[in-house]
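Colleague: Take a look at structure-v7.cif, mmCIF, C-alpha atoms:
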data_upload
#
loop_
_atom_site.label_atom_id
_atom_site.label_comp_id
_atom_site.auth_asym_id
_atom_site.auth_seq_id
_atom_site.Cartn_x
_atom_site.Cartn_y
_atom_site.Cartn_z
CA MET A 8 1.68 75.37 42.36
CA ALA A 9 3.77 78.06 44.03
CA CYS A 10 3.63 81.65 42.85
CA SER A 11 6.95 83.15 41.80
CA CYS A 12 5.52 86.67 41.47
CA GLY A 13 8.20 88.33 43.62
CA GLN A 14 11.08 86.15 42.45
CA GLY A 15 11.97 88.38 39.48
CA LEU A 16 11.86 91.45 41.69
CA GLN A 17 14.15 89.80 44.25
CA THR A 18 16.59 88.78 41.51
CA GLY A 19 16.59 92.34 40.15
CA ASN A 20 17.13 93.77 43.64
CA ALA A 21 20.04 91.37 44.22
CA ALA A 22 21.64 92.42 40.92
CA GLU A 23 21.22 96.11 41.80
CA ARG A 24 22.74 95.56 45.24
CA ARG A 25 25.72 93.69 43.80
CA VAL A 26 26.45 96.45 41.27
CA LEU A 27 25.98 99.19 43.86
CA TRP A 28 28.37 97.49 46.28
CA ILE A 29 31.04 97.19 43.59
CA VAL A 30 30.79 100.83 42.50
CA LEU A 31 30.61 102.01 46.12
CA VAL A 32 33.88 100.23 46.99
CA LEU A 33 35.58 101.48 43.81
CA ASN A 34 34.53 105.08 44.48
CA ALA A 35 35.45 104.95 48.18
CA ALA A 36 38.91 103.64 47.29
CA MET A 37 39.36 106.35 44.68
CA PHE A 38 38.30 108.99 47.20
CA PHE A 39 41.30 108.08 49.34
CA ILE A 40 43.71 107.67 46.42
CA GLU A 41 42.69 110.89 44.68
CA GLY A 42 42.36 112.82 47.92
CA ILE A 43 45.89 111.97 49.04
CA ALA A 44 47.33 112.48 45.55
CA GLY A 45 45.44 115.75 45.12
CA TRP A 46 46.66 117.07 48.45
CA LEU A 47 50.28 116.08 47.79
CA ALA A 48 50.18 117.33 44.17
CA GLN A 49 48.42 120.56 45.20
CA SER A 50 45.74 119.85 42.63
CA THR A 51 42.31 121.33 43.14
CA GLY A 52 41.06 119.29 40.19
CA LEU A 53 42.10 116.00 41.84
CA LEU A 54 40.76 117.10 45.23
CA ALA A 55 37.47 118.12 43.64
CA ASP A 56 37.23 114.79 41.88
CA ALA A 57 38.12 112.98 45.12
CA LEU A 58 35.28 114.72 46.94
CA ASP A 59 33.04 113.88 44.01
CA MET A 60 34.08 110.22 44.42
CA LEU A 61 33.12 110.47 48.10
CA ALA A 62 29.77 111.97 47.13
CA ASP A 63 29.24 109.15 44.65
CA ALA A 64 30.12 106.51 47.24
CA ALA A 65 27.53 108.12 49.51
CA VAL A 66 25.00 108.19 46.66
CA TYR A 67 25.60 104.49 46.02
CA GLY A 68 25.24 103.78 49.75
CA VAL A 69 21.95 105.64 49.85
CA ALA A 70 20.84 103.82 46.70
CA LEU A 71 21.72 100.50 48.39
CA TRP A 72 19.47 101.49 51.26
CA ALA A 73 16.65 102.22 48.80
CA VAL A 74 16.83 98.93 46.84
CA GLY A 75 13.65 96.93 47.37
CA ARG A 76 11.99 99.61 49.48
CA HIS A 77 8.80 101.58 49.01
CA ALA A 78 8.75 104.45 46.48
CA ALA A 79 8.76 107.03 49.30
CA HIS A 80 12.08 105.62 50.53
CA LYS A 81 13.50 105.87 47.03
CA LEU A 82 12.44 109.50 46.77
CA THR A 83 14.06 110.15 50.16
CA ALA A 84 17.22 108.43 48.92
CA ALA A 85 17.36 110.61 45.81
CA THR A 86 16.78 113.76 47.87
CA LEU A 87 19.48 112.80 50.39
CA SER A 88 21.88 112.10 47.52
CA GLY A 89 21.23 115.59 46.18
CA TRP A 90 21.97 117.18 49.57
CA LEU A 91 25.21 115.24 49.90
CA GLN A 92 26.28 116.41 46.44
CA LEU A 93 25.41 120.01 47.35
CA ILE A 94 27.46 119.96 50.57
CA LEU A 95 30.52 118.36 48.98
CA GLY A 96 30.31 120.74 46.02
CA ALA A 97 30.49 123.63 48.50
CA GLY A 98 33.61 122.06 50.02
CA VAL A 99 35.23 121.92 46.58
CA LEU A 100 34.43 125.58 45.92
CA PHE A 101 35.96 126.49 49.29
CA ASP A 102 39.19 124.70 48.30
CA VAL A 103 39.27 126.50 44.95
CA MET A 104 38.99 129.86 46.71
CA ARG A 105 41.60 128.85 49.31
CA ARG A 106 44.11 127.84 46.62
CA LEU A 107 43.32 130.92 44.55
CA VAL A 108 44.17 133.14 47.51
CA LEU A 109 47.04 131.13 49.03
CA GLY A 110 48.48 129.77 45.81
CA SER A 111 49.36 126.29 44.62
CA LEU A 112 51.77 124.56 42.26
CA PRO A 113 49.91 121.55 40.84
CA GLU A 114 52.02 118.62 39.60
CA PRO A 115 50.74 117.70 36.12
CA GLN A 116 52.31 114.21 36.09
CA VAL A 117 50.42 113.19 39.23
CA ILE A 118 47.25 114.74 37.85
CA GLY A 119 47.66 112.70 34.67
CA VAL A 120 48.36 109.32 36.29
CA VAL A 121 45.72 109.59 39.01
CA GLY A 122 43.26 111.18 36.58
CA LEU A 123 43.62 108.17 34.26
CA LEU A 124 43.02 105.79 37.16
CA ALA A 125 39.91 107.75 38.20
CA LEU A 126 38.67 107.70 34.61
CA ALA A 127 39.13 103.91 34.48
CA VAL A 128 37.17 103.51 37.72
CA ASN A 129 34.31 105.71 36.53
CA VAL A 130 34.11 104.06 33.11
CA THR A 131 33.98 100.67 34.87
CA ALA A 132 31.23 101.95 37.19
CA LEU A 133 29.33 103.39 34.23
CA LEU A 134 29.47 100.08 32.39
CA LEU A 135 28.28 98.22 35.49
CA LEU A 136 25.40 100.64 36.01
CA GLN A 137 24.46 100.72 32.30
CA LYS A 138 22.13 97.74 32.63
CA HIS A 139 20.20 99.46 35.43
CA ARG A 140 20.08 103.02 34.04
CA ALA A 141 16.45 102.73 32.96
CA GLY A 142 15.47 101.30 36.35
CA GLU A 143 14.06 103.04 39.37
CA MET A 144 14.90 106.56 40.46
CA HIS A 145 17.84 105.66 42.71
CA MET A 146 19.50 103.63 39.93
CA ARG A 147 18.90 106.33 37.31
CA ALA A 148 20.46 108.91 39.65
CA SER A 149 23.48 106.66 40.21
CA TRP A 150 23.97 106.27 36.46
CA ILE A 151 23.59 110.00 35.77
CA PHE A 152 26.08 110.97 38.49
CA THR A 153 28.58 108.43 37.16
CA LYS A 154 28.17 109.63 33.57
CA ASN A 155 28.91 113.16 34.75
CA ASP A 156 31.97 111.86 36.60
CA VAL A 157 33.46 110.50 33.39
CA ILE A 158 33.16 113.99 31.92
CA ALA A 159 34.79 115.46 35.05
CA ASN A 160 37.66 112.95 34.76
CA LEU A 161 38.30 114.04 31.17
CA ALA A 162 38.36 117.66 32.35
CA VAL A 163 40.89 116.80 35.09
CA LEU A 164 43.11 115.14 32.49
CA ALA A 165 42.81 118.17 30.21
CA ALA A 166 43.71 120.46 33.12
CA GLY A 167 46.77 118.36 33.90
CA GLY A 168 47.87 118.67 30.27
CA LEU A 169 47.30 122.42 30.26
CA VAL A 170 49.18 122.85 33.54
CA ALA A 171 52.11 120.95 31.98
CA LEU A 172 52.00 123.04 28.79
CA THR A 173 51.52 126.46 30.36
CA GLY A 174 53.06 126.14 33.82
CA SER A 175 49.95 127.88 35.15
CA ARG A 176 47.74 126.65 38.00
CA LEU A 177 44.68 128.31 36.46
CA PRO A 178 43.52 125.27 34.41
CA ASP A 179 43.56 123.15 37.57
CA LEU A 180 41.63 125.79 39.51
CA ALA A 181 39.13 126.16 36.65
CA VAL A 182 38.44 122.41 36.60
CA GLY A 183 38.09 122.33 40.38
CA PHE A 184 35.61 125.21 40.12
CA GLY A 185 33.77 123.46 37.29
CA ILE A 186 33.46 120.19 39.22
CA GLY A 187 32.32 122.04 42.34
CA THR A 188 29.65 124.05 40.54
CA GLY A 189 28.66 121.04 38.40
CA THR A 190 28.20 118.93 41.52
CA GLN A 191 26.00 121.60 43.04
CA ALA A 192 24.00 122.06 39.83
CA ALA A 193 23.41 118.30 39.61
CA ALA A 194 22.26 118.28 43.23
CA VAL A 195 19.81 121.11 42.64
CA ALA A 196 18.50 119.56 39.43
CA GLN A 197 17.86 116.28 41.18
#
Just give me the structure of the file as structure tokens.
Modeller:
Amino acid sequence: MACSCGQGLQTGNAAERRVLWIVLVLNAAMFFIEGIAGWLAQSTGLLADALDMLADAAVYGVALWAVGRHAAHKLTAATLSGWLQLILGAGVLFDVMRRLVLGSLPEPQVIGVVGLLALAVNVTALLLLQKHRAGEMHMRASWIFTKNDVIANLAVLAAGGLVALTGSRLPDLAVGFGIGTGTQAAAVAQ
């Protein structure tokens, strides 16, 4: 009689890998879409969210590397994910300061459309990761980062609405600042 002791673990690892690949591709695609749209629309909020999508894609890539590995590798993966979040958060804060000094005229319609698309991607990723949120450290971190991204997407949408209502760039800058500092706080907390 053959032992199937590791079969459940292998099945779980395969399911984690499949989910991580899907959310990695979705986030990488949104990085390019939001990054281009944010640049063209002069939106710090969209650019901040785009960099956050890049950070998430990197987190998912690191988590993919950690699936099925020793606990020390998983701890390394979580630490590396935190550093990536910290660096990209600093980039977002730099852009906020640059636009505060040089000025910007964000386009609320673009913010709204692309913000809704980003929200749909993050809600999809959150639902895919839901099953694995109580799993190992790298999967819990992926779920937590994605949950925070949904909140950031809602803030981007709110900023787009406020920019449309007020004609001021300040809501967009405030959301960019919030995403940048939130990304850094999440990295430090990890």
Colleague: Fewer than 4 positions away in the same chain doesn't count, so skip those; otherwise give me all residues within 8 Å of Ala162 in chain A, counting all atoms listed in the file, as a list in words.
Modeller: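 Surrounding residues, per the criterion: Ile158, Ala166 and Val182 of chain A.
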Colleague: Which residue, A:Leu95, A:Ala21, A:Leu112, A:Gly68, has the smallest gap to Gly174 in chain A when you use all atoms listed in the file?
Modeller: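 Once distances to Gly174 in chain A are computed over all atoms listed in the file, the minimum belongs to A:Leu112.
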Colleague: On this structure, which residues satisfy the PyMOL selection byres ((chain A and resi 58) around 9), written as a count of residues only?
Modeller: 17
Colleague: Go through the shown structure with the PyMOL selection byres ((chain A and resi 149) around 10) and write out the matching residues as a list of chain:residue names.
Modeller: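 Expected selection for the PyMOL selection byres ((chain A and resi 149) around 10) here is A:Leu27, A:Val30, A:Asp63, A:Ala64, A:Val66, A:Tyr67, A:Val69, A:Ala70, A:Ala85, A:Ser88, A:Ala132, A:Leu133, A:Leu136, A:Gln137, A:His139, A:Arg140, A:Met144, A:His145, A:Met146, A:Arg147, A:Ala148, A:Trp150, A:Ile151, A:Phe152, A:Thr153, A:Lys154.
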Colleague: Using Å and a single decimal, report how far CA of Arg176 in chain A sits from CA of Asp102 in chain A.
Modeller: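 Taking CA of Asp102 in chain A and CA of Arg176 in chain A, their separation equals 13.5 Å.
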Colleague: Take range 144-177 of chain A, model N, CA and C atoms, and hand the result over as a tab-separated table (two decimals), keeping the file's coordinate frame.
Modeller:
chain	number	residue	atom	x	y	z
A	144	MET	N	14.31	105.25	40.28
A	144	MET	CA	14.90	106.56	40.46
A	144	MET	C	16.31	106.51	41.05
A	145	HIS	N	16.54	105.70	42.07
A	145	HIS	CA	17.84	105.66	42.71
A	145	HIS	C	18.91	105.10	41.77
A	146	MET	N	18.54	104.19	40.89
A	146	MET	CA	19.50	103.63	39.93
A	146	MET	C	19.75	104.61	38.78
A	147	ARG	N	18.71	105.31	38.35
A	147	ARG	CA	18.90	106.33	37.31
A	147	ARG	C	19.82	107.44	37.81
A	148	ALA	N	19.61	107.86	39.06
A	148	ALA	CA	20.46	108.91	39.65
A	148	ALA	C	21.90	108.44	39.74
A	149	SER	N	22.12	107.20	40.12
A	149	SER	CA	23.48	106.66	40.21
A	149	SER	C	24.15	106.68	38.84
A	150	TRP	N	23.41	106.30	37.81
A	150	TRP	CA	23.97	106.27	36.46
A	150	TRP	C	24.28	107.68	35.97
A	151	ILE	N	23.39	108.61	36.21
A	151	ILE	CA	23.59	110.00	35.77
A	151	ILE	C	24.81	110.61	36.45
A	152	PHE	N	24.93	110.42	37.77
A	152	PHE	CA	26.08	110.97	38.49
A	152	PHE	C	27.38	110.38	37.95
A	153	THR	N	27.37	109.09	37.65
A	153	THR	CA	28.58	108.43	37.16
A	153	THR	C	28.93	108.90	35.76
A	154	LYS	N	27.93	109.10	34.92
A	154	LYS	CA	28.17	109.63	33.57
A	154	LYS	C	28.81	111.01	33.66
A	155	ASN	N	28.32	111.84	34.56
A	155	ASN	CA	28.91	113.16	34.75
A	155	ASN	C	30.34	113.07	35.27
A	156	ASP	N	30.62	112.04	36.06
A	156	ASP	CA	31.97	111.86	36.60
A	156	ASP	C	32.98	111.55	35.50
A	157	VAL	N	32.57	110.80	34.51
A	157	VAL	CA	33.46	110.50	33.39
A	157	VAL	C	33.85	111.81	32.69
A	158	ILE	N	32.89	112.69	32.53
A	158	ILE	CA	33.16	113.99	31.92
A	158	ILE	C	34.12	114.79	32.80
A	159	ALA	N	33.90	114.75	34.12
A	159	ALA	CA	34.79	115.46	35.05
A	159	ALA	C	36.21	114.89	34.98
A	160	ASN	N	36.33	113.56	34.86
A	160	ASN	CA	37.66	112.95	34.76
A	160	ASN	C	38.39	113.44	33.51
A	161	LEU	N	37.68	113.54	32.40
A	161	LEU	CA	38.30	114.04	31.17
A	161	LEU	C	38.76	115.49	31.35
A	162	ALA	N	37.97	116.27	32.08
A	162	ALA	CA	38.36	117.66	32.35
A	162	ALA	C	39.60	117.73	33.23
A	163	VAL	N	39.70	116.84	34.23
A	163	VAL	CA	40.89	116.80	35.09
A	163	VAL	C	42.12	116.47	34.25
A	164	LEU	N	41.98	115.50	33.36
A	164	LEU	CA	43.11	115.14	32.49
A	164	LEU	C	43.51	116.31	31.59
A	165	ALA	N	42.53	117.00	31.04
A	165	ALA	CA	42.81	118.17	30.21
A	165	ALA	C	43.52	119.25	31.02
A	166	ALA	N	43.07	119.46	32.25
A	166	ALA	CA	43.71	120.46	33.12
A	166	ALA	C	45.16	120.09	33.40
A	167	GLY	N	45.40	118.80	33.67
A	167	GLY	CA	46.77	118.36	33.90
A	167	GLY	C	47.65	118.64	32.69
A	168	GLY	N	47.12	118.38	31.49
A	168	GLY	CA	47.87	118.67	30.27
A	168	GLY	C	48.14	120.16	30.10
A	169	LEU	N	47.13	120.97	30.39
A	169	LEU	CA	47.30	122.42	30.26
A	169	LEU	C	48.26	122.98	31.31
A	170	VAL	N	48.23	122.42	32.51
A	170	VAL	CA	49.18	122.85	33.54
A	170	VAL	C	50.60	122.53	33.08
A	171	ALA	N	50.78	121.34	32.48
A	171	ALA	CA	52.11	120.95	31.98
A	171	ALA	C	52.56	121.86	30.84
A	172	LEU	N	51.64	122.20	29.95
A	172	LEU	CA	52.00	123.04	28.79
A	172	LEU	C	52.26	124.50	29.16
A	173	THR	N	51.44	125.03	30.07
A	173	THR	CA	51.52	126.46	30.36
A	173	THR	C	52.30	126.80	31.63
A	174	GLY	N	52.43	125.84	32.54
A	174	GLY	CA	53.06	126.14	33.82
A	174	GLY	C	52.16	126.94	34.75
A	175	SER	N	50.91	127.10	34.37
A	175	SER	CA	49.95	127.88	35.15
A	175	SER	C	49.04	126.96	35.97
A	176	ARG	N	48.68	127.41	37.15
A	176	ARG	CA	47.74	126.65	38.00
A	176	ARG	C	46.29	126.92	37.62
A	177	LEU	N	46.05	127.90	36.78
A	177	LEU	CA	44.68	128.31	36.46
A	177	LEU	C	43.83	127.18	35.83
